[in-house]
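Enquirer: Would you mind keeping the following structure in view while I ask a few things?
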Amino acid sequence: MSAALDAARLRADFPILAREVNGHPLVYLDNAATTQKPRAVIDALAHYYETQNANIHRGIHALAVEATEAYEEARGKAARHIGARAEDVVFTRNATESINLVARAWGDARVGEGDEIVLTIMEHHSNIVPWQQLAGRTGARLRYAGIDAEGRLDLDSLRAAIGPRTKLVAVTHMSNVLGSVTPVAEVAAMARAAGAAVLVDGAQSAPHLPVDAPALGCDFFAFSAHKMLGPTGVGALWARPGLLAEMDPFLGGGEMIALVREEESTWAEPPNRFEAGTPNIAGVIAFGAALDYLRGVGMEAVHAHERELTARAIEALSRTGGVTLHGPRDVEARGGVVSFTLEGAHPHDVSTIVDARGVAIRAGHHCAQPLMRHLGVAATNRASFTLYNEASEIDVLVEALDEVKRIFGRVESRTAV
């Protein structure tokens, strides 16, 4: 594996990886759904509740000051992770809420009847449904760009979809099904030429790739803590400098105001404008610990490690009879997500059988039903990797798939996009 990353050493930092499942050592390969948490993150949660528990931005007593400082330090860490400024980062519950915030606070004011929103066929539902709802409220129209035979974004299809009525182009940075990495800078250049804004769903890229959101040329970048070693219930939204100040709030309540009178209110400056009420303080602080952990390992090292795991998985699964692979074969064009189907076996059955051997993989449509229809399947299995996974775990997965084949009968080797 990568000389810069010792997965065996890192595994000791993750308590859950020491457990057994169904009498076998846990092989956790469902990291695209959520990642496991290092001891540092778990300790950060406990430390807040044990020593700093107080509300933020309100009190002037010692606990309130300490909690506020820790919360705002985490904002700075989230910004640094994507090459941004802290004042341009809003904390949310998850990437889904971040996208909904943009659809409401930006979209409702800027998208009208006859305008167009351009998506891709490989988007997660979180980057489809909010735009469907916006179109329903405003009379706008959705247009979709396709993918090529390898499962990568078809730039010609995207170019054809973008037109003079396009107000927004919303794309995944990395597909949670295909692993395909979108060339966001090229997408942004196309959108800019049409006068459109760009939103990037970074839920899968921020945990696994070095990211510089401003350099991508996008206007918004959404990501989630729980997919990058952090706790659940925390997400973040980055916006191009100055853009948040042009937007009205998504939610109203405490902390997001400058002045409240009986009949009207004025808004606080961003990012507080978009963080109404008491946030997930403990979760944000623990997210800061997760970001520290990733920074200590280095995102270049994480990416290199996962690239090697992905290459090994593709090669091993390609030699496994009856397996159809979905997504690019070139590991330079993808992240650490490998989706596949096994001939003659439903993905749910596959997942259940390999779980009996302690192997955790995903089965289903992965919140990407339009893509499933495009691929001509109802569901797939998905193995997804992160920094604590080892090459030997891929071997365990393949051995478990051999058991599936024994149960369902021998099948011939087949690979495809």
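Every chain in the structure tokens has a letter given in the order shown (A, B, ...), and although residue numbers restart at 1 in each chain, ligands are simply numbered from 1 in the order shown.
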Report as a ChimeraX atom specification all protein, DNA and RNA residues lying within 7 Å of stretch 71-85 of chain A, evaluated on only C-alpha atoms, omitting residues in the same chain fewer than 3 positions from it.
Expert: /A:67-68,88-89,211-214,281,284-285,287-288,291
Enquirer: Run DSSP on the backbone of this structure and report the residues of stretch 21-211 of chain A it assigns to alpha helix (DSSP H), as a PyMOL selection string.
Expert: chain A and resi 39-47+62-81+95-101+108-110+129-138+155-161+184-193
Enquirer: Which residues of stretch 153-219 of chain A sit at most 12 Å from stretch 242-263 of chain A, using only C-alpha atoms? Give each one's shortest atom pair and distance in Å (one decimal place), in chain and ascending residue order, as a Markdown table.
Expert:
| residue | atom | partner | partner_atom | distance |
| --- | --- | --- | --- | --- |
| A:Ala197 | CA | A:Leu243 | CA | 10.9 |
| A:Cys218 | CA | A:Leu243 | CA | 11.5 |
| A:Asp219 | CA | A:Leu243 | CA | 8.0 |
Enquirer: Write a file of the just-selected residues containing N, CA and C atoms, as a PDB file, in the first residue's frame.
Expert:
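Listed below is the output, selection.pdb:
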ATOM      1  N   ALA A 197     -24.948  29.672 -12.316  1.00  0.00           N
ATOM      2  CA  ALA A 197     -24.214  29.323 -11.104  1.00  0.00           C
ATOM      3  C   ALA A 197     -23.968  27.818 -11.071  1.00  0.00           C
ATOM      4  N   CYS A 218     -16.694  26.811  -8.645  1.00  0.00           N
ATOM      5  CA  CYS A 218     -18.108  26.665  -8.330  1.00  0.00           C
ATOM      6  C   CYS A 218     -18.565  27.783  -7.403  1.00  0.00           C
ATOM      7  N   ASP A 219     -19.873  27.880  -7.230  1.00  0.00           N
ATOM      8  CA  ASP A 219     -20.466  28.880  -6.345  1.00  0.00           C
ATOM      9  C   ASP A 219     -20.827  28.302  -4.986  1.00  0.00           C
TER      10      ASP A 219
END
Enquirer: Find the residues around A:Lys167 up to 6 Å (only C-alpha atoms counted), leave out those fewer than 3 positions away in its own chain, and share them as an MDAnalysis selection string.
Expert: chainID A and resid 116:117 196
Enquirer: Which value, in Å to one decimal, gives the distance between atom CA of A:Leu155 and atom CA of A:Gly336?
Expert: 22.3 Å
Enquirer: Residues at most 12 Å from A:Lys405, counting only C-alpha atoms, excluding those fewer than 2 positions away in the same chain, as a PyMOL selection string?
Expert: chain A and resi 320-323+341-346+349-350+353-354+398-403+407-413
Enquirer: How many Å lie between atom CA of A:Glu150 and atom CA of A:Pro210, rounded to one decimal?
Expert: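 Here the two named atoms are 23.3 Å from each other.
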Enquirer: Contacts of stretch 377-384 of chain A at 6 Å or less, counting only C-alpha atoms, minus same-chain residues fewer than 6 places along, as a ChimeraX atom specification?
Expert: /A:29-32,336-341,347,361-365
Enquirer: Choose the residue, out of A:Leu101, A:Ile162, A:Ala70, A:Val27, that has the smallest atom-to-atom separation from A:Asp115; count only C-alpha atoms.
Expert: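 The answer is A:Ile162, which sits nearest to A:Asp115.
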Enquirer: Work out how far apart atom CA of A:Thr92 and atom CA of A:Ala46 are and give it in Å to one decimal.
Expert: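 Those two atoms sit 21.1 Å apart.
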Enquirer: Determine, for each residue of stretch 179-297 of chain A having at least one atom at most 10 Å from an atom of stretch 125-130 of chain A, the closest pair of atoms and their separation in Å to one decimal, counting only C-alpha atoms; order by chain and ascending number, as JSON lines.
Expert:
{"residue": "A:Leu199", "atom": "CA", "partner": "A:Asn127", "partner_atom": "CA", "distance": 9.3}
{"residue": "A:Val200", "atom": "CA", "partner": "A:Asn127", "partner_atom": "CA", "distance": 9.0}
{"residue": "A:Asp201", "atom": "CA", "partner": "A:Asn127", "partner_atom": "CA", "distance": 7.0}
Enquirer: Atoms to include: N, CA and C atoms. Write the selected residues as a PDB file, in the first residue's frame.
Expert:
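Listed below is the output, out-v4.pdb:
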ATOM      1  N   LEU A 199     -23.433  24.469  -8.370  1.00  0.00           N
ATOM      2  CA  LEU A 199     -23.401  23.829  -7.064  1.00  0.00           C
ATOM      3  C   LEU A 199     -22.763  22.463  -7.194  1.00  0.00           C
ATOM      4  N   VAL A 200     -21.859  22.143  -6.268  1.00  0.00           N
ATOM      5  CA  VAL A 200     -21.178  20.853  -6.268  1.00  0.00           C
ATOM      6  C   VAL A 200     -21.563  20.074  -5.019  1.00  0.00           C
ATOM      7  N   ASP A 201     -22.054  18.857  -5.226  1.00  0.00           N
ATOM      8  CA  ASP A 201     -22.293  17.920  -4.133  1.00  0.00           C
ATOM      9  C   ASP A 201     -20.963  17.234  -3.841  1.00  0.00           C
TER      10      ASP A 201
END
Enquirer: How close does each residue of stretch 319-364 of chain A get to stretch 12-20 of chain A, giving the shortest atom pair and distance in Å to one decimal for every residue with an atom at most 12 Å away, counting only C-alpha atoms, sorted by chain and residue number, as a Markdown table?
Expert:
| residue | atom | partner | partner_atom | distance |
| --- | --- | --- | --- | --- |
| A:Asp355 | CA | A:Glu20 | CA | 11.0 |
| A:Ala356 | CA | A:Glu20 | CA | 10.8 |
| A:Arg357 | CA | A:Glu20 | CA | 9.6 |
| A:Gly358 | CA | A:Glu20 | CA | 7.0 |
| A:Val359 | CA | A:Glu20 | CA | 10.1 |
| A:Ala360 | CA | A:Glu20 | CA | 11.5 |
Enquirer: So that I have them on file, write out the residues from the current selection with C-alpha atoms, as a PDB file, in the first residue's frame.
Expert:
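Contents of again_30.pdb, as written:
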ATOM      1  CA  ASP A 355     -22.495 -10.188   6.043  1.00  0.00           C
ATOM      2  CA  ALA A 356     -22.591 -13.698   7.509  1.00  0.00           C
ATOM      3  CA  ARG A 357     -18.810 -13.618   7.014  1.00  0.00           C
ATOM      4  CA  GLY A 358     -18.474 -10.240   8.669  1.00  0.00           C
ATOM      5  CA  VAL A 359     -18.265  -8.243   5.428  1.00  0.00           C
ATOM      6  CA  ALA A 360     -20.330  -5.029   5.337  1.00  0.00           C
TER       7      ALA A 360
END
Enquirer: Show which residues sit within 9 Å of A:Ala8, as a list in words. Count only C-alpha atoms, and ignore same-chain residues fewer than 5 positions away.
Expert: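 That gives Tyr388, Asn389 and Glu390 of chain A.
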Enquirer: If you run DSSP on the backbone here, which positions in stretch 61-143 of chain A get strand (DSSP E)? Please write them as number ranges by chain.
Expert: A: 89-92, 116-120, 141-143
Enquirer: Name the residues in contact with stretch 221-231 of chain A at a cut-off of 6 Å, using only C-alpha atoms, excluding same-chain residues fewer than 2 positions from it; report them as a PyMOL selection string.
Expert: chain A and resi 34-37+94-95+98+199-203+207+234-238+283+287+290
Enquirer: Please produce an output containing C-alpha atoms for each residue in the selection, written as a CSV table (one decimal), in the first residue's frame.
Expert:
chain,number,residue,atom,x,y,z
A,34,THR,CA,-20.9,6.5,6.5
A,35,THR,CA,-17.4,6.1,8.0
A,36,GLN,CA,-16.3,4.8,11.3
A,37,LYS,CA,-15.0,7.2,13.9
A,94,ASN,CA,-25.7,17.3,6.4
A,95,ALA,CA,-24.9,17.8,2.7
A,98,SER,CA,-26.8,22.3,2.6
A,199,LEU,CA,-23.4,23.8,-7.1
A,200,VAL,CA,-21.2,20.9,-6.3
A,201,ASP,CA,-22.3,17.9,-4.1
A,202,GLY,CA,-19.0,17.1,-2.4
A,203,ALA,CA,-20.4,14.5,0.0
A,207,PRO,CA,-13.6,12.7,2.5
A,234,VAL,CA,-23.3,17.8,10.9
A,235,GLY,CA,-22.8,19.1,7.4
A,236,ALA,CA,-21.3,22.2,5.8
A,237,LEU,CA,-22.0,24.5,2.9
A,238,TRP,CA,-19.3,26.7,1.3
A,283,GLY,CA,-21.1,17.3,16.7
A,287,PHE,CA,-16.1,17.3,13.3
A,290,ALA,CA,-12.1,14.5,12.5
